[in-house]
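Structure file input_20.txt; described as compact mmCIF, C-alpha atoms.
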```txt
# COMPACT_ATOMS: atom_id res chain seq x y z
CA MET A 1 80.12 123.00 90.81
CA MET A 2 83.32 121.28 89.71
CA GLY A 3 86.39 119.72 91.26
CA ALA A 4 89.50 121.74 92.02
CA PRO A 5 92.46 121.46 89.63
CA THR A 6 94.93 118.68 90.28
CA ALA A 7 97.40 119.73 92.97
CA ALA A 8 101.06 120.07 92.01
CA ASP A 9 103.96 119.38 94.34
CA LEU A 10 106.11 122.54 94.36
CA GLY A 11 108.89 120.80 96.25
CA LEU A 12 108.76 123.23 99.17
CA THR A 13 110.29 122.23 102.46
CA ALA A 14 107.97 122.07 105.46
CA LEU A 15 107.33 125.13 107.60
CA ALA A 16 108.81 125.21 111.09
CA ALA A 17 105.38 124.46 112.55
CA GLU A 18 101.70 124.04 111.62
CA CYS A 19 100.53 126.46 108.93
CA ARG A 20 97.88 128.80 110.29
CA GLY A 21 97.19 130.72 107.08
CA ALA A 22 98.91 131.59 103.80
CA ALA A 23 98.45 133.94 100.84
CA LEU A 24 99.99 134.75 97.49
CA LEU A 25 100.20 138.56 97.33
CA THR A 26 101.18 140.87 94.45
CA ASN A 27 102.82 144.28 94.94
CA LEU A 28 102.65 147.36 92.71
CA ALA A 29 105.54 146.15 90.54
CA GLY A 30 103.67 142.92 89.84
CA THR A 31 106.01 140.85 92.01
CA ARG A 32 104.24 137.94 93.68
CA LYS A 33 105.25 136.62 97.07
CA LEU A 34 103.96 133.62 98.97
CA TRP A 35 103.55 134.26 102.70
CA ALA A 36 102.68 131.77 105.41
CA GLY A 37 102.15 131.99 109.15
CA THR A 38 102.59 129.56 112.03
CA PRO A 39 101.70 129.93 115.72
CA LEU A 40 105.11 131.51 116.35
CA GLY A 41 106.29 133.08 113.09
CA LEU A 42 105.76 134.54 109.63
CA TYR A 43 107.58 133.23 106.57
CA GLU A 44 108.23 134.12 102.91
CA GLN A 45 108.81 131.49 100.24
CA SER A 46 112.38 131.58 98.98
CA GLY A 47 113.19 129.02 96.28
CA SER A 48 112.29 125.63 97.67
CA GLY A 49 112.32 126.80 101.27
CA TRP A 50 111.09 129.49 103.63
CA THR A 51 112.78 132.65 104.90
CA ASP A 52 111.85 133.68 108.44
CA ARG A 53 110.17 137.11 108.36
CA THR A 54 109.03 137.12 111.99
CA ARG A 55 109.23 140.50 113.74
CA ALA A 56 112.53 141.20 115.46
CA ALA A 57 111.00 142.09 118.84
CA SER A 58 109.64 138.62 119.62
CA THR A 59 107.92 135.59 118.20
CA TYR A 60 104.13 135.43 118.17
CA ALA A 61 101.86 133.45 120.47
CA LEU A 62 98.70 132.55 118.57
CA GLY A 63 95.80 131.10 120.51
CA THR A 64 94.61 127.59 119.83
CA ASP A 65 92.10 128.67 117.17
CA ASP A 66 93.87 131.81 115.91
CA ARG A 67 94.88 132.08 112.26
CA TRP A 68 96.66 134.63 110.07
CA SER A 69 94.86 136.87 107.58
CA PHE A 70 96.95 138.49 104.82
CA ALA A 71 96.39 141.44 102.48
CA GLN A 72 98.47 143.58 100.11
CA PHE A 73 98.41 147.37 100.46
CA GLY A 74 100.51 148.92 97.68
CA ASN A 75 104.00 147.54 98.37
CA ASP A 76 103.18 146.63 101.97
CA ALA A 77 102.27 143.10 102.99
CA LEU A 78 99.89 143.08 105.97
CA ALA A 79 99.23 140.20 108.33
CA ALA A 80 96.58 140.12 111.05
CA THR A 81 95.85 137.72 113.90
CA PRO A 82 93.80 138.21 117.08
CA SER A 83 96.81 137.92 119.39
CA ALA A 84 99.10 140.59 117.86
CA LYS A 85 98.92 144.08 116.39
CA ILE A 86 98.57 144.10 112.62
CA GLN A 87 101.97 143.31 111.09
CA ARG A 88 103.57 145.12 108.13
CA SER A 89 106.41 144.13 105.84
CA THR A 90 107.77 146.63 103.32
CA SER A 91 110.60 144.41 102.06
CA ALA A 92 111.77 141.90 104.65
CA ALA A 93 110.81 141.19 108.25
CA PHE A 94 107.40 142.11 109.58
CA SER A 95 106.97 144.54 112.45
CA ASP A 96 104.11 145.80 114.60
CA ILE A 97 102.13 148.75 113.31
CA ALA A 98 102.20 150.63 116.60
CA THR A 99 98.82 152.33 116.26
CA ALA A 100 96.99 149.39 114.67
CA PRO A 101 94.50 147.17 116.48
CA GLN A 102 94.70 143.43 116.97
CA ALA A 103 92.29 141.87 114.51
CA LYS A 104 91.10 138.56 113.14
CA ILE A 105 90.81 139.82 109.56
CA VAL A 106 92.48 142.49 107.41
CA VAL A 107 91.08 143.54 104.02
CA VAL A 108 92.23 146.22 101.56
CA ALA A 109 89.73 148.25 99.53
CA LYS A 110 89.32 151.78 98.20
CA ASP A 111 92.90 152.71 99.32
CA PHE A 112 92.24 151.75 102.96
CA ALA A 113 93.28 148.81 105.09
CA VAL A 114 90.26 147.64 107.07
CA ALA A 115 90.42 145.43 110.16
CA LEU A 116 87.43 143.29 111.13
CA ASN A 117 86.72 141.57 114.46
CA THR A 118 89.21 143.46 116.59
CA SER A 119 90.38 143.18 120.19
CA VAL A 120 87.95 145.98 121.10
CA THR A 121 84.88 143.83 120.34
CA THR A 122 84.34 140.98 117.92
CA ASP A 123 81.79 143.04 115.94
CA THR A 124 84.12 146.06 115.49
CA TRP A 125 85.58 147.34 112.23
CA TYR A 126 88.49 149.75 112.05
CA CYS A 127 90.07 151.42 109.01
CA SER A 128 93.52 152.91 108.50
CA ALA A 129 94.17 156.44 107.34
CA TYR A 130 93.53 157.03 103.65
CA LEU A 131 96.47 155.80 101.54
CA ASP A 132 98.48 154.91 104.65
CA ALA A 133 98.35 151.42 106.15
CA SER A 134 100.91 152.45 108.77
CA ASP A 135 98.59 155.05 110.38
CA TRP A 136 95.74 153.81 112.56
CA THR A 137 95.46 156.84 114.84
CA LEU A 138 91.77 157.76 114.93
CA ALA A 139 91.16 161.10 113.21
CA VAL A 140 88.37 162.19 110.87
CA SER A 141 90.90 164.40 109.05
CA THR A 142 92.77 161.31 107.81
CA GLN A 143 89.56 159.24 107.53
CA CYS A 144 90.87 156.76 110.12
CA VAL A 145 87.70 155.76 111.97
CA THR A 146 86.08 152.81 113.68
CA GLY A 147 82.60 151.45 114.34
CA ARG A 148 80.55 148.38 115.18
CA LEU A 149 78.25 146.10 113.20
CA VAL A 150 75.40 145.64 115.65
CA SER A 151 72.36 145.36 113.36
CA THR A 152 72.76 141.58 113.44
CA PRO A 153 73.99 139.44 116.36
CA GLY A 154 77.33 137.73 116.76
CA ALA A 155 80.98 138.17 115.88
CA ILE A 156 82.38 138.98 112.44
CA THR A 157 83.54 135.61 111.11
CA ALA A 158 84.93 136.54 107.67
CA GLY A 159 85.57 139.46 105.37
CA LEU A 160 86.51 139.90 101.72
CA ARG A 161 86.80 142.71 99.21
CA PHE A 162 84.03 142.98 96.61
CA GLY A 163 85.18 145.47 93.98
CA ASP A 164 85.53 148.78 95.86
CA ASP A 165 83.33 147.46 98.68
CA ILE A 166 83.93 145.09 101.58
CA VAL A 167 81.66 142.24 102.62
CA ALA A 168 81.67 141.46 106.34
CA TYR A 169 80.18 138.12 107.28
CA LYS A 170 78.78 136.88 110.55
CA GLU A 171 77.62 133.32 111.08
CA ARG A 172 74.09 134.19 109.97
CA SER A 173 74.35 137.56 108.27
CA LEU A 174 76.04 139.38 105.41
CA THR A 175 76.76 143.11 105.54
CA ILE A 176 78.32 145.22 102.79
CA GLY A 177 80.55 148.20 103.55
CA ARG A 178 80.76 151.03 101.03
CA TYR A 179 83.04 154.07 101.12
CA VAL A 180 81.04 157.29 101.65
CA GLY A 181 83.75 159.75 102.76
CA ALA A 182 84.14 161.63 106.04
CA PRO A 183 82.87 161.66 108.71
CA ASP A 184 81.40 158.13 108.51
CA VAL A 185 83.91 156.98 105.85
CA TRP A 186 82.29 153.52 105.54
CA ARG A 187 78.55 152.84 105.52
CA TRP A 188 77.43 149.29 106.31
CA ASP A 189 74.16 147.88 104.98
CA VAL A 190 72.75 144.46 105.88
CA ILE A 191 72.11 142.30 102.81
CA SER A 192 70.95 139.21 104.68
CA ASN A 193 70.13 138.53 108.32
CA GLU A 194 69.70 134.81 107.68
CA VAL A 195 72.72 133.68 105.66
CA GLY A 196 76.35 134.12 106.66
CA CYS A 197 79.78 132.48 106.58
CA VAL A 198 81.20 130.00 109.07
CA GLY A 199 84.85 131.18 108.99
CA GLN A 200 87.44 133.44 107.45
CA GLU A 201 88.75 130.78 105.05
CA ALA A 202 85.28 129.61 104.03
CA VAL A 203 84.74 132.39 101.46
CA ALA A 204 86.38 132.79 98.05
CA GLU A 205 86.27 135.39 95.31
CA THR A 206 85.24 134.05 91.88
CA SER A 207 84.28 135.58 88.56
CA TYR A 208 80.64 135.21 89.63
CA GLY A 209 81.04 136.83 93.05
CA HIS A 210 81.69 135.49 96.54
CA VAL A 211 81.16 131.78 97.07
CA PHE A 212 80.94 130.99 100.78
CA VAL A 213 80.06 128.23 103.20
CA GLY A 214 77.20 128.95 105.55
CA VAL A 215 75.75 127.01 108.45
CA ASP A 216 73.15 125.35 106.20
CA GLY A 217 74.73 125.28 102.74
CA ILE A 218 76.99 126.83 100.11
CA TYR A 219 76.00 130.22 98.75
CA LEU A 220 76.81 132.79 96.06
CA TYR A 221 76.72 136.55 96.62
CA SER A 222 76.96 138.34 93.26
CA GLY A 223 76.32 141.91 94.41
CA THR A 224 72.53 141.87 94.29
CA ALA A 225 69.98 141.67 97.08
CA THR A 226 69.43 137.98 96.28
CA ILE A 227 71.83 135.35 97.66
CA GLN A 228 71.83 132.13 95.65
CA ASP A 229 71.83 128.80 97.48
CA LEU A 230 74.23 126.65 95.44
CA SER A 231 73.65 123.57 97.56
CA LYS A 232 70.13 123.27 96.11
CA GLY A 233 71.36 123.05 92.54
```
Would you mind writing the file out in structure tokens?
Amino acid sequence: MMGAPTAADLGLTALAAECRGAALLTNLAGTRKLWAGTPLGLYEQSGSGWTDRTRAASTYALGTDDRWSFAQFGNDALAATPSAKIQRSTSAAFSDIATAPQAKIVVVAKDFAVALNTSVTTDTWYCSAYLDASDWTLAVSTQCVTGRLVSTPGAITAGLRFGDDIVAYKERSLTIGRYVGAPDVWRWDVISNEVGCVGQEAVAETSYGHVFVGVDGIYLYSGTATIQDLSKG
């Protein structure tokens, strides 16, 4: 364990309201963009300020505890929150993906966008069509499917890509999703039914694997069946 690097003041002006999530995403050309979300809008860093990229139809209305989750799919920036359909920006303003669910978390892996903890049920996962983050119409032919993680109790609290796989966390469990092709598309196997993650921003990808905060400590998942408890030294 070591301290974080010294923070540097980038000189950015304040957002219009409280930040409810942010991410630095890189597109296929290698261009990096800093996105941030508030309870009412989505913004892109522009110089020392922020350009409003909120959808044209209306502002958002995030719940008290809702946050934004961001992911890059090719040249598309995706943003998810429980109170709106998944948002997509190809160059400027975001807009609703008409067929997409509302979701707490969006992750990109194996050429799919995958939503976790959706408005259907909090234990539901849902993946886009293969190679198309704009298509969420359920069809085995496009490999757009959905399912539930019911082997362990509770809602999905966090999710993060792990190589070509996806790790879905609950408060006291860790489940790995692996692409297996149609008709199931993703197979989910429980790695732990004792250790999980407390929230979507309490897990980080490192060179050693996922480091995450659980109810009882800080843990490392490195891709094996053993989860290391870092809080015990």
Report, as lines of an AutoDock Vina configuration file, the axis-aligned box around all atoms of range 24-35 of chain A present in the file, extended by 4 Å on each side; give centre and edge lengths in Å to one decimal place.
```
center_x = 103.0
center_y = 140.5
center_z = 96.3
size_x = 14.0
size_y = 21.7
size_z = 20.9
```
For range 11-22 of chain A: contacts at 6 Å, all atoms listed in the file, fewer than 2 positions along chain excluded, given as a ChimeraX atom specification: /A:9,35-38,48-49,67-68
Point (71.6, 133.4, 109.8) neighbourhood (7 Å, all atoms listed in the file) written as a PyMOL selection string: chain A and resi 171-173+193-196
Using all atoms listed in the file, which residue out of A:Gln143, A:Thr224, A:Ser119, A:Thr152 lies closest to Gly181 in chain A?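 The closest residue to Gly181 in chain A is A:Gln143.
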A:Ser128, A:Thr121, A:Thr142, A:Asn27 ranked by distance to Ser89 in chain A, top pick (using only C-alpha atoms):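 The closest residue to Ser89 in chain A is A:Asn27.
From CA of Leu10 in chain A back to CA of Thr81 in chain A, the distance works out to 26.8 Å.
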Would you mind telling me which residue in A:Gln200, A:Val140, A:Asp164, A:Ser83 lies nearest to Val106 in chain A when using only C-alpha atoms?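 With only C-alpha atoms as the atom set, the closest residue is A:Gln200.
Proximity of A:Tyr169, A:Phe162, A:Tyr60, A:Tyr43 to Ile105 in chain A, computed with all atoms listed in the file, is greatest for A:Tyr169.
You can rank A:Phe73, A:Tyr208, A:Tyr179, A:Phe112 by their closest distance to Leu220 in chain A using all atoms listed in the file, and at the top of that list sits A:Tyr208.
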Using all atoms listed in the file, find the one residue out of A:Ala115, A:Cys197, A:Ala103, A:Leu28 that sits nearest to Thr90 in chain A.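 Of the candidates, the smallest distance to Thr90 in chain A is held by A:Leu28.
Near Thr99 in chain A, within a cut-off of 7 Å and counting only C-alpha atoms, sit the residues Asp135, Trp136 and Thr137 of chain A, with same-chain residues fewer than 6 positions away left out.
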Write out, as a compact mmCIF listing (two decimals), keeping the file's coordinate frame, the residues just selected, with C-alpha atoms.
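What landed in again-v3.txt:
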```txt
# COMPACT_ATOMS: atom_id res chain seq x y z
CA ASP A 135 98.59 155.05 110.38
CA TRP A 136 95.74 153.81 112.56
CA THR A 137 95.46 156.84 114.84
```
How many Å lie between CA of Asp111 in chain A and CA of Leu160 in chain A, rounded to one decimal?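 Atom-to-atom, CA of Asp111 in chain A and CA of Leu160 in chain A are spaced 14.5 Å apart.
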Leaving out Ala168 in chain A and any residue of its chain fewer than 6 positions from it, which residues lie within 7 Å of it when counting only C-alpha atoms, given as a list in words?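 The filter keeps Ile156, Ala158, Gly159, Leu160, Leu174, Thr175 and Ile176 of chain A.
As for CA of Ile191 in chain A and CA of Ala225 in chain A, they are spaced 6.1 Å apart.
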Could you name the residues that touch Phe94 in chain A at 10 Å or less, counting only C-alpha atoms, but leaving out those on the same chain fewer than 4 positions away, as a PyMOL selection string? chain A and resi 41-43+52-57+76-79+86-90
